[in-house]
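Asks: Just input-v4.cif, nothing more (mmCIF, C-alpha atoms and all ligand atoms):
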data_run
loop_
_atom_site.label_atom_id
_atom_site.label_comp_id
_atom_site.auth_asym_id
_atom_site.auth_seq_id
_atom_site.Cartn_x
_atom_site.Cartn_y
_atom_site.Cartn_z
CA MET A 210 19.74 -3.86 2.96
CA VAL A 211 19.79 -4.51 6.69
CA SER A 212 17.86 -2.45 9.17
CA GLU A 213 17.90 -2.27 12.96
CA ILE A 214 14.27 -1.20 13.03
CA ALA A 215 11.86 -4.00 13.94
CA ALA A 216 9.10 -4.99 11.53
CA ALA A 217 5.86 -3.24 12.38
CA ASP A 218 2.65 -5.06 13.23
CA PRO A 219 0.10 -3.78 10.70
CA ALA A 220 -2.59 -4.25 13.36
CA GLU A 221 -0.95 -1.92 15.87
CA LEU A 222 -3.09 1.19 16.07
CA PRO A 223 -1.06 4.39 15.60
CA PRO A 224 -1.88 7.09 18.19
CA TRP A 225 -3.52 9.52 15.74
CA LEU A 226 -6.31 7.00 15.07
CA ALA A 227 -7.28 6.29 18.69
CA ASP A 228 -10.04 8.92 18.78
CA THR A 229 -11.48 7.77 15.45
CA LEU A 230 -11.53 4.16 16.68
CA ALA A 231 -13.40 5.12 19.84
CA ARG A 232 -15.84 7.32 17.93
CA VAL A 233 -16.69 4.72 15.31
CA LEU A 234 -17.07 1.94 17.90
CA ALA A 235 -19.41 4.15 19.94
CA ARG A 236 -21.60 5.46 17.12
CA GLN A 237 -21.38 3.36 14.00
CA ARG A 238 -24.17 0.82 13.64
CA GLY A 239 -23.97 0.08 9.91
CA HIS A 240 -23.15 -3.43 8.75
CA ALA A 241 -20.92 -2.26 5.88
CA LEU A 242 -18.29 0.43 6.38
CA LEU A 243 -15.97 2.10 3.92
CA LEU A 244 -12.87 3.45 5.64
CA HIS A 245 -11.58 6.18 3.36
CA GLY A 246 -7.92 6.67 4.20
CA ARG A 247 -4.37 5.93 3.10
CA ALA A 248 -2.62 2.68 3.98
CA GLY A 249 0.37 4.81 5.02
CA ASP A 250 -1.78 6.56 7.63
CA GLY A 251 -2.87 3.27 9.22
CA VAL A 252 -6.25 2.54 7.65
CA LEU A 253 -5.70 -1.25 7.97
CA ALA A 254 -4.84 -0.89 11.66
CA LEU A 255 -8.08 1.06 12.14
CA ALA A 256 -10.10 -1.62 10.34
CA LEU A 257 -8.53 -4.34 12.49
CA GLY A 258 -9.02 -2.21 15.62
CA LEU A 259 -12.73 -1.93 14.82
CA ALA A 260 -12.92 -5.68 14.30
CA ARG A 261 -11.24 -6.32 17.65
CA GLY A 262 -13.52 -3.82 19.34
CA TRP A 263 -16.70 -5.41 17.95
CA LEU A 264 -15.51 -8.94 18.77
CA CYS A 265 -14.12 -8.09 22.25
CA SER A 266 -16.00 -9.78 25.07
CA GLY A 267 -15.25 -6.91 27.47
CA ASP A 268 -17.52 -3.90 27.86
CA ALA A 269 -15.00 -1.06 27.68
CA GLY A 270 -16.20 0.11 24.28
CA ARG A 271 -12.78 -0.63 22.78
CA PRO A 272 -10.63 -3.76 22.34
CA CYS A 273 -9.50 -4.68 25.87
CA GLY A 274 -6.46 -6.61 24.64
CA ARG A 275 -6.84 -9.22 27.40
CA CYS A 276 -9.94 -11.31 26.71
CA GLY A 277 -9.82 -14.53 24.70
CA SER A 278 -11.30 -12.82 21.68
CA CYS A 279 -8.72 -10.02 21.67
CA ARG A 280 -5.92 -12.55 22.09
CA LEU A 281 -7.15 -14.69 19.20
CA ALA A 282 -7.43 -11.59 17.01
CA ALA A 283 -3.89 -10.52 17.97
CA GLN A 284 -2.66 -13.99 16.99
CA ARG A 285 -4.49 -13.63 13.65
CA ALA A 286 -6.43 -16.78 14.54
CA HIS A 287 -9.92 -15.49 15.44
CA PRO A 288 -12.49 -17.70 13.71
CA ASP A 289 -14.98 -14.80 13.52
CA LEU A 290 -12.52 -12.38 11.90
CA PHE A 291 -11.81 -12.81 8.19
CA VAL A 292 -9.14 -10.62 6.61
CA VAL A 293 -8.89 -10.37 2.84
CA LEU A 294 -5.55 -9.02 1.57
CA PRO A 295 -3.77 -9.35 -1.77
CA GLN A 296 -1.24 -12.17 -1.73
CA SER A 297 1.63 -9.66 -2.02
CA MET A 298 0.50 -8.04 1.23
CA ARG A 299 0.00 -11.39 2.98
CA GLU A 300 3.64 -12.16 2.29
CA GLN A 301 4.75 -8.68 3.32
CA PHE A 302 2.91 -8.88 6.66
CA GLY A 303 3.39 -12.63 7.20
CA TRP A 304 -0.40 -12.92 7.31
CA PRO A 305 -1.75 -16.48 7.22
CA GLY A 306 -4.10 -17.88 4.60
CA PHE A 307 -4.27 -18.57 0.90
CA GLU A 308 -0.63 -19.57 0.60
CA ASP A 309 -1.37 -22.86 -1.09
CA ARG A 310 -3.94 -21.76 -3.59
CA PRO A 311 -3.59 -22.92 -7.14
CA THR A 312 -2.47 -20.19 -9.53
CA GLY A 313 -3.76 -19.51 -13.02
CA ALA A 314 -7.14 -18.06 -12.05
CA GLU A 315 -8.33 -14.85 -13.70
CA GLY A 316 -6.14 -11.85 -13.04
CA ASP A 317 -3.21 -14.03 -12.13
CA VAL A 318 0.36 -13.58 -13.25
CA PRO A 319 1.28 -16.47 -15.52
CA ARG A 320 3.69 -18.87 -13.93
CA GLY A 321 7.06 -18.66 -15.61
CA LYS A 322 10.16 -20.65 -14.85
CA GLY A 323 10.18 -19.77 -11.17
CA ARG A 324 7.49 -18.99 -8.67
CA ALA A 325 4.78 -16.61 -9.86
CA ARG A 326 5.03 -13.07 -8.48
CA PRO A 327 2.55 -12.70 -5.60
CA SER A 328 -0.61 -11.05 -6.86
CA ARG A 329 -1.34 -7.45 -5.91
CA GLN A 330 -5.01 -8.04 -6.67
CA ILE A 331 -7.79 -9.41 -4.51
CA ARG A 332 -9.25 -12.12 -6.66
CA ILE A 333 -12.62 -13.79 -6.86
CA ASP A 334 -11.52 -16.95 -5.06
CA GLU A 335 -10.57 -14.82 -2.05
CA VAL A 336 -14.00 -13.17 -2.01
CA ARG A 337 -15.68 -16.56 -2.46
CA ALA A 338 -13.79 -17.84 0.59
CA LEU A 339 -15.12 -14.81 2.49
CA LEU A 340 -18.70 -15.56 1.39
CA ASP A 341 -18.30 -19.18 2.46
CA TRP A 342 -16.97 -18.05 5.87
CA ALA A 343 -19.81 -15.50 6.23
CA SER A 344 -22.44 -18.23 5.72
CA ARG A 345 -21.24 -20.16 8.78
CA THR A 346 -22.52 -19.61 12.32
CA PRO A 347 -20.29 -17.36 14.44
CA SER A 348 -18.29 -19.14 17.13
CA GLY A 349 -18.76 -16.40 19.72
CA ALA A 350 -21.35 -13.85 20.81
CA GLY A 351 -19.67 -10.84 19.18
CA GLY A 352 -20.85 -11.60 15.66
CA LYS A 353 -18.42 -11.73 12.75
CA VAL A 354 -16.25 -9.17 11.01
CA ALA A 355 -14.67 -9.26 7.58
CA VAL A 356 -11.96 -6.76 6.59
CA ILE A 357 -11.09 -6.17 2.92
CA HIS A 358 -7.91 -4.17 2.39
CA PRO A 359 -7.45 -2.34 0.14
CA GLY A 360 -10.83 -2.37 -1.61
CA GLU A 361 -9.27 -0.99 -4.81
CA ALA A 362 -7.28 -4.22 -5.09
CA MET A 363 -10.48 -6.21 -5.76
CA ASN A 364 -10.62 -6.97 -9.44
CA PRO A 365 -14.06 -6.49 -11.08
CA HIS A 366 -15.00 -10.18 -10.71
CA ALA A 367 -14.15 -10.11 -7.01
CA ALA A 368 -16.01 -6.83 -6.38
CA SER A 369 -19.12 -8.08 -8.20
CA ALA A 370 -19.10 -11.31 -6.21
CA LEU A 371 -19.13 -9.29 -2.98
CA LEU A 372 -22.10 -7.03 -3.82
CA LYS A 373 -25.00 -9.16 -2.60
CA THR A 374 -23.39 -9.94 0.75
CA LEU A 375 -22.28 -6.33 1.15
CA GLU A 376 -25.89 -5.21 0.74
CA GLU A 377 -27.34 -7.80 3.06
CA PRO A 378 -24.77 -9.66 5.13
CA PRO A 379 -25.84 -12.60 7.30
CA PRO A 380 -27.17 -11.39 10.70
CA GLY A 381 -24.42 -10.20 13.03
CA THR A 382 -21.85 -9.90 10.26
CA ARG A 383 -20.05 -6.63 9.53
CA ILE A 384 -17.87 -5.90 6.54
CA VAL A 385 -15.18 -3.21 6.51
CA VAL A 386 -13.71 -2.16 3.18
CA THR A 387 -10.76 0.24 3.13
CA ALA A 388 -9.93 2.53 0.23
CA GLY A 389 -7.35 5.25 -0.29
CA ASP A 390 -9.24 6.29 -3.41
CA PRO A 391 -12.93 5.29 -3.21
CA ALA A 392 -13.44 6.57 -6.78
CA ARG A 393 -11.63 3.43 -7.90
CA LEU A 394 -14.24 1.16 -6.28
CA LEU A 395 -17.32 -0.01 -8.13
CA PRO A 396 -20.04 2.62 -7.50
CA THR A 397 -22.27 -0.23 -6.29
CA VAL A 398 -19.65 -1.13 -3.64
CA ARG A 399 -19.39 2.52 -2.52
CA SER A 400 -23.15 2.99 -2.33
CA ARG A 401 -23.63 -0.06 -0.09
CA CYS A 402 -21.20 1.20 2.57
CA GLN A 403 -21.33 3.94 5.17
CA ARG A 404 -18.22 6.06 4.74
CA VAL A 405 -15.81 7.00 7.52
CA VAL A 406 -13.02 9.43 6.62
CA VAL A 407 -9.79 8.40 8.30
CA PRO A 408 -7.75 11.41 9.50
CA ARG A 409 -4.16 11.90 8.44
CA ALA A 410 -1.46 12.16 11.07
CA GLY A 411 -0.30 15.67 11.99
CA VAL A 412 3.30 16.36 10.94
CA SER A 413 4.68 16.74 14.46
CA GLU A 414 2.77 13.72 15.78
CA ALA A 415 3.96 11.60 12.86
CA ALA A 416 7.57 12.77 13.27
CA GLY A 417 7.44 12.01 17.00
CA TRP A 418 6.02 8.54 16.33
CA LEU A 419 8.82 7.79 13.84
CA ALA A 420 11.52 9.20 16.14
CA ALA A 421 10.23 6.97 18.97
CA GLN A 422 10.98 3.99 16.70
CA GLY A 423 14.59 5.09 16.34
CA ILE A 424 14.14 6.58 12.86
CA GLY A 425 16.45 9.56 12.28
CA HIS A 426 15.47 12.71 10.37
CA PRO A 427 11.80 11.69 10.19
CA ASP A 428 10.97 14.98 8.43
CA VAL A 429 12.95 13.85 5.35
CA LEU A 430 11.27 10.44 5.20
CA LEU A 431 7.82 11.92 5.84
CA ALA A 432 8.29 14.28 2.88
CA ALA A 433 9.50 11.29 0.84
CA CYS A 434 6.19 9.54 1.59
CA ALA A 435 3.83 12.52 1.20
CA GLY A 436 3.36 12.66 4.97
CA ALA A 437 2.30 9.01 5.36
CA PRO A 438 4.03 7.82 8.55
CA LEU A 439 3.62 4.05 8.09
CA GLU A 440 5.10 4.33 4.62
CA ALA A 441 8.02 6.36 6.01
CA ALA A 442 8.59 3.68 8.67
CA ALA A 443 8.51 0.96 6.01
CA LEU A 444 11.07 2.88 3.93
CA ALA A 445 13.38 3.10 6.96
CA ARG A 446 12.86 -0.57 7.80
CA GLY A 447 13.80 -1.39 4.21
CA GLY A 448 17.17 0.26 4.86
CA VAL A 449 16.50 3.61 3.15
CA ASP A 450 17.45 6.27 5.69
CA ALA A 451 17.25 10.02 5.19
CA ALA A 452 20.81 10.22 3.80
CA ALA A 453 20.19 7.43 1.26
CA TRP A 454 16.94 9.07 0.14
CA SER A 455 18.52 12.52 -0.14
CA ALA A 456 21.35 11.10 -2.29
CA LEU A 457 19.01 9.71 -4.96
CA PRO A 458 18.75 12.77 -7.26
CA ALA A 459 22.52 13.01 -7.70
CA ALA A 460 22.87 9.24 -8.07
CA VAL A 461 20.21 9.05 -10.79
CA ALA A 462 21.73 12.06 -12.60
CA ALA A 463 25.00 10.11 -12.60
CA GLY A 464 23.24 6.99 -13.96
CA ARG A 465 24.11 4.95 -10.85
CA ALA A 466 21.37 2.28 -10.93
CA GLU A 467 23.26 0.28 -8.29
CA VAL A 468 21.91 2.58 -5.54
CA PHE A 469 18.63 0.68 -5.94
CA ALA A 470 20.18 -2.75 -5.27
CA GLY A 471 17.83 -4.70 -2.99
CA TRP A 472 14.82 -2.42 -3.63
CA ALA A 473 11.49 -3.82 -4.86
CA VAL A 474 10.86 -2.62 -8.42
CA THR A 475 7.58 -0.97 -7.42
CA ASP A 476 9.49 1.08 -4.82
CA VAL A 477 12.14 2.06 -7.39
CA VAL A 478 9.48 3.24 -9.83
CA ASP A 479 7.68 5.12 -7.06
CA ALA A 480 10.93 6.87 -6.01
CA LEU A 481 11.81 7.74 -9.62
CA ALA A 482 8.31 9.12 -10.24
CA LYS A 483 8.74 11.38 -7.20
CA LEU A 484 12.19 12.40 -8.39
CA CYS A 485 10.78 13.20 -11.83
CA HIS A 486 7.97 15.23 -10.27
CA ASP A 487 10.47 17.26 -8.23
CA ALA A 488 12.76 17.79 -11.23
CA MET A 489 9.82 19.11 -13.27
CA ALA A 490 8.90 21.44 -10.42
CA GLN A 491 12.45 22.83 -10.38
CA ALA A 492 12.55 23.19 -14.16
CA CYS A 493 9.54 25.51 -13.64
CA GLU A 494 11.37 27.31 -10.80
CA GLY A 495 9.22 25.58 -8.18
CA SER A 496 10.36 23.64 -5.10
CA PRO A 497 10.82 19.90 -4.71
CA ALA A 498 8.12 18.19 -2.62
CA PHE A 499 9.53 14.72 -1.97
CA PHE A 500 13.30 15.35 -1.83
CA PRO A 501 15.32 17.97 0.07
CA ARG A 502 16.35 21.05 -1.92
CA THR A 503 20.05 20.30 -1.59
CA GLY A 504 21.93 17.62 -3.52
CA TRP A 505 20.26 18.22 -6.89
CA PRO A 506 22.02 18.67 -10.22
CA ARG A 507 20.94 21.90 -11.93
CA VAL A 508 17.72 21.10 -13.80
CA PRO A 509 17.53 23.33 -16.90
CA ALA A 510 14.17 24.71 -18.02
CA ASP A 511 14.55 23.01 -21.41
CA ALA A 512 14.62 19.61 -19.63
CA LEU A 513 10.82 19.70 -19.28
CA THR A 514 10.05 17.84 -22.51
CA ALA A 515 12.52 15.06 -21.69
CA LEU A 516 11.24 14.86 -18.10
CA ALA A 517 7.66 14.58 -19.34
CA ALA A 518 8.70 11.68 -21.58
CA TRP A 519 10.45 9.99 -18.62
CA SER A 520 7.33 10.56 -16.51
CA ARG A 521 5.17 8.85 -19.15
CA ARG A 522 7.48 5.84 -19.23
CA LEU A 523 7.41 5.58 -15.44
CA GLY A 524 3.61 5.77 -15.56
CA VAL A 525 3.41 2.88 -18.03
CA VAL A 526 5.62 0.73 -15.78
CA GLN A 527 3.56 1.71 -12.69
CA ARG A 528 0.37 0.59 -14.42
CA GLN A 529 1.98 -2.72 -15.41
CA ALA A 530 3.19 -3.61 -11.92
CA GLU A 531 2.42 -7.31 -12.43
CA HIS A 532 4.22 -7.59 -15.75
CA PRO A 533 7.04 -10.16 -15.48
CA TRP A 534 9.84 -7.63 -16.03
CA HIS A 535 13.49 -8.55 -15.94
CA GLU A 536 13.84 -6.40 -12.85
CA ALA A 537 17.56 -5.53 -12.92
CA LEU A 538 17.38 -4.53 -16.60
CA LEU A 539 14.23 -2.52 -16.02
CA VAL A 540 15.77 -0.53 -13.16
CA GLU A 541 18.93 0.08 -15.21
CA ALA A 542 16.83 1.31 -18.13
CA LEU A 543 14.66 3.59 -15.98
CA VAL A 544 17.72 5.14 -14.34
CA ALA A 545 19.41 5.56 -17.75
CA ALA A 546 16.29 7.33 -19.01
CA GLY A 547 16.29 9.49 -15.86
CA ARG A 548 19.92 10.46 -16.35
CA GLU A 549 19.18 11.49 -19.91
CA ALA A 550 16.12 13.49 -18.88
CA LEU A 551 17.86 15.22 -15.96
CA THR A 552 21.14 16.08 -17.69
CA GLY A 553 20.50 15.91 -21.43
CA ARG A 554 23.40 13.47 -21.66
CA ARG A 555 22.98 10.24 -23.58
CA PRO A 556 22.97 7.12 -21.39
CA VAL A 557 26.21 5.22 -20.90
CA ARG A 558 24.50 2.14 -22.36
CA PRO A 559 21.76 3.41 -24.70
CA ALA A 560 20.73 -0.19 -25.45
CA ALA A 561 19.35 -0.42 -21.90
CA LEU A 562 16.52 1.89 -22.95
CA ASP A 563 15.19 -0.81 -25.30
CA THR A 564 13.83 -2.58 -22.20
CA LEU A 565 11.35 0.24 -21.60
CA PRO A 566 7.79 0.42 -22.89
CA GLY A 567 6.66 3.45 -24.91
ZN ZN B 1 -11.13 -7.94 24.54
#
Here is the file; what I need is its structure written in the form of structure tokens.
Ligand SMILES: [Zn+2]
Replies:
Amino acid sequence: MVSEIAAADPAELPPWLADTLARVLARQRGHALLLHGRAGDGVLALALGLARGWLCSGDAGRPCGRCGSCRLAAQRAHPDLFVVLPQSMREQFGWPGFEDRPTGAEGDVPRGKGRARPSRQIRIDEVRALLDWASRTPSGAGGKVAVIHPGEAMNPHAASALLKTLEEPPPGTRIVVTAGDPARLLPTVRSRCQRVVVPRAGVSEAAGWLAAQGIGHPDVLLAACAGAPLEAAALARGGVDAAAWSALPAAVAAGRAEVFAGWAVTDVVDALAKLCHDAMAQACEGSPAFFPRTGWPRVPADALTALAAWSRRLGVVQRQAEHPWHEALLVEALVAAGREALTGRRPVRPAALDTLPG
């Protein structure tokens, strides 16, 4: 998949978060913050914006973008800014650090024949590196800031290792943890942080922001991503435009797994789960939420049981995101199961279903 749309800088603050950034920089004095918001609404950009603002040597009450500190932060090279991301996200964003770590620690994917799949977890060695960094003297006068994104990615060992420092960081050190779903954090992590709720983008503002990046039919992609603009932009950058997204229900009903060529498996499973949700809604005479109304096969009311079974299978695969699947076979099997659920017709290659769990 080739896209004309340039890769986004995850640190670029989207316009709907500018007021929140200014407000938090002006009022928030806590040393540990929990930013409660979705990645697709820009919660990482807000966390990095706060870090830049606190470290900035100007006095404008926001990151000036011109001082040495702001420049170092923009180059991802500020010694007083420590960003903890899962390895999978580091690779996605081209973020430096941790590339050469040994694998095989707890929570790791076992190394098979090839390179291990980059971890989607934040592991204890990453938090230990943060604690080591936090114990050093800051290089500048602005103190130090650590950003952990997303907090839910910390495995229990990593989260426990963070607790003491989160409660009482070294003087001048602030820690920002993001979470789309704070209920998935350890209660002891939640209770040590002051919470800031990150606003979602308004529909028209989000659509305008996407259109300004050259993304056509932003309304379709916004619906595809439950209104999360950064996620919609990432979908478009991955080569999935509104027409390709809208064509998925018919393609899956026809068992055409090849429409997902070049997609990451997690994105395929996410799209199929949304498709399944919308098919179930239509079987109950409701409206689709993620896909346009047009382009669907007729979903009969008696498809509900089969759709529920497909939904369960998709859920199992979603929960086992780090399992070393044979990806092409898995996608073929999930699409075959979707075809069967949507149309009641047996798959072209029933043996493909043997790949699936449950
Ligand atoms: Zn500055």
Asks: With all atoms listed in the file counted, collect every polymer residue having an atom within 6 Å of ligand ZN 1 (chain B); state the result as a count of residues only.
Replies: 10
Asks: Within 7 Å of (-18.8, -6.4, 13.8) in the file's own coordinates, which protein, DNA or RNA residues have an atom, counting only C-alpha atoms? List them as a PyMOL selection string.
Replies: chain A and resi 260+263-264+352-354+381-383
Asks: Could you give me, as a PyMOL selection string, the residues within 12 Å of Gln237 of chain A, counting all atoms listed in the file and dropping anything in the same chain fewer than 2 positions from it?
Replies: chain A and resi 229-235+239-244+259+262-263+270+383+385+402-405
Asks: Just give me the gap between atom CA of Gly436 of chain A and atom CA of Val356 of chain A in Å, one decimal is fine.
Replies: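 Separating atom CA of Gly436 of chain A from atom CA of Val356 of chain A is a distance of 24.8 Å.
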Asks: Extract, using only C-alpha atoms, all DNA, RNA and protein residues at most 10 Å from segment 441-454 of chain A, discarding same-chain residues fewer than 2 positions from it, and format them as JSON, numbers by chain.
Replies: {"A": [210, 211, 212, 213, 214, 215, 216, 217, 249, 250, 415, 416, 418, 419, 420, 422, 423, 424, 425, 426, 427, 428, 429, 430, 431, 432, 433, 434, 435, 436, 437, 438, 439, 456, 457, 458, 460, 468, 469, 471, 472, 473, 476, 480, 499, 500, 501]}
Asks: Find, counting all atoms listed in the file, the residue in A:Gln527, A:Ser297, A:Asn364, A:Thr514 that gets nearest to Val477 of chain A.
Replies: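 Once distances to Val477 of chain A are computed over all atoms listed in the file, the minimum belongs to A:Gln527.
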Asks: Report as a PyMOL selection string all protein, DNA and RNA residues lying within 12 Å of Glu335 of chain A, evaluated on only C-alpha atoms, omitting residues in the same chain fewer than 5 positions from it.
Replies: chain A and resi 291-296+306-308+310-311+314-315+328+330+340-342+355-358+362-364+366-368+370-371
Asks: Find the residue from A:Val407, A:Leu394, A:Ile333, A:Leu372 that sits nearest to Pro359 of chain A; use only C-alpha atoms when measuring.
Replies: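 Of A:Val407, A:Leu394, A:Ile333, A:Leu372, the one nearest Pro359 of chain A, counting only C-alpha atoms, is A:Leu394.
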Asks: My list of candidates is A:Leu281, A:Ala463, A:Leu290, A:Ala482. Which is closest to Pro347 of chain A when distances are computed with all atoms listed in the file?
Replies: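 Smallest separation from Pro347 of chain A among the options: A:Leu290.
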Asks: Any chance you could work out the axis-aligned box around segment 290-296 of chain A, listed atoms only, 5 Å on each side, giving centre and edge lengths in Å to one decimal, as AutoDock Vina command-line options?
Replies:
--center_x -6.9 --center_y -10.9 --center_z 5.1 --size_x 21.3 --size_y 13.8 --size_z 23.7
Asks: With all heavy atoms retained, output segment 460-468 of chain A as a CSV table (one decimal), in the first residue's frame.
Replies:
chain,number,residue,atom,x,y,z
A,460,ALA,N,-16.6,-7.3,0.3
A,460,ALA,CA,-15.4,-8.1,0.1
A,460,ALA,C,-15.3,-9.3,1.0
A,460,ALA,O,-15.1,-10.4,0.7
A,460,ALA,CB,-14.1,-7.3,0.2
A,461,VAL,N,-15.6,-9.0,2.3
A,461,VAL,CA,-15.6,-10.1,3.3
A,461,VAL,C,-16.7,-11.1,3.1
A,461,VAL,O,-16.5,-12.3,3.2
A,461,VAL,CB,-15.7,-9.5,4.8
A,461,VAL,CG1,-15.8,-10.6,5.8
A,461,VAL,CG2,-14.4,-8.7,5.0
A,462,ALA,N,-17.9,-10.6,2.7
A,462,ALA,CA,-19.0,-11.5,2.4
A,462,ALA,C,-18.7,-12.4,1.2
A,462,ALA,O,-19.2,-13.5,1.1
A,462,ALA,CB,-20.3,-10.6,2.1
A,463,ALA,N,-17.8,-11.9,0.3
A,463,ALA,CA,-17.4,-12.7,-0.8
A,463,ALA,C,-16.2,-13.5,-0.5
A,463,ALA,O,-15.7,-14.2,-1.4
A,463,ALA,CB,-17.1,-11.8,-2.0
A,464,GLY,N,-15.7,-13.5,0.7
A,464,GLY,CA,-14.5,-14.3,1.1
A,464,GLY,C,-13.2,-13.8,0.5
A,464,GLY,O,-12.3,-14.6,0.4
A,465,ARG,N,-13.1,-12.5,0.2
A,465,ARG,CA,-11.9,-12.0,-0.5
A,465,ARG,C,-10.9,-11.5,0.5
A,465,ARG,O,-10.8,-10.3,0.7
A,465,ARG,CB,-12.3,-10.9,-1.5
A,465,ARG,CG,-13.2,-11.5,-2.7
A,465,ARG,CD,-13.6,-10.4,-3.6
A,465,ARG,NE,-12.5,-9.5,-4.0
A,465,ARG,CZ,-12.6,-8.2,-3.9
A,465,ARG,NH1,-13.7,-7.6,-3.6
A,465,ARG,NH2,-11.6,-7.4,-4.2
A,466,ALA,N,-10.1,-12.4,1.1
A,466,ALA,CA,-9.1,-12.1,2.1
A,466,ALA,C,-8.0,-11.2,1.5
A,466,ALA,O,-7.3,-10.5,2.2
A,466,ALA,CB,-8.5,-13.3,2.7
A,467,GLU,N,-7.9,-11.2,0.1
A,467,GLU,CA,-6.8,-10.5,-0.5
A,467,GLU,C,-6.9,-9.0,-0.3
A,467,GLU,O,-6.0,-8.2,-0.5
A,467,GLU,CB,-6.6,-10.9,-2.0
A,467,GLU,CG,-7.7,-10.4,-2.9
A,467,GLU,CD,-8.9,-11.5,-2.9
A,467,GLU,OE1,-8.9,-12.4,-2.1
A,467,GLU,OE2,-9.7,-11.4,-3.8
A,468,VAL,N,-8.1,-8.5,0.0
A,468,VAL,CA,-8.3,-7.0,0.2
A,468,VAL,C,-7.5,-6.6,1.4
A,468,VAL,O,-7.2,-5.4,1.5
A,468,VAL,CB,-9.8,-6.6,0.4
A,468,VAL,CG1,-10.6,-6.8,-0.9
A,468,VAL,CG2,-10.4,-7.3,1.6
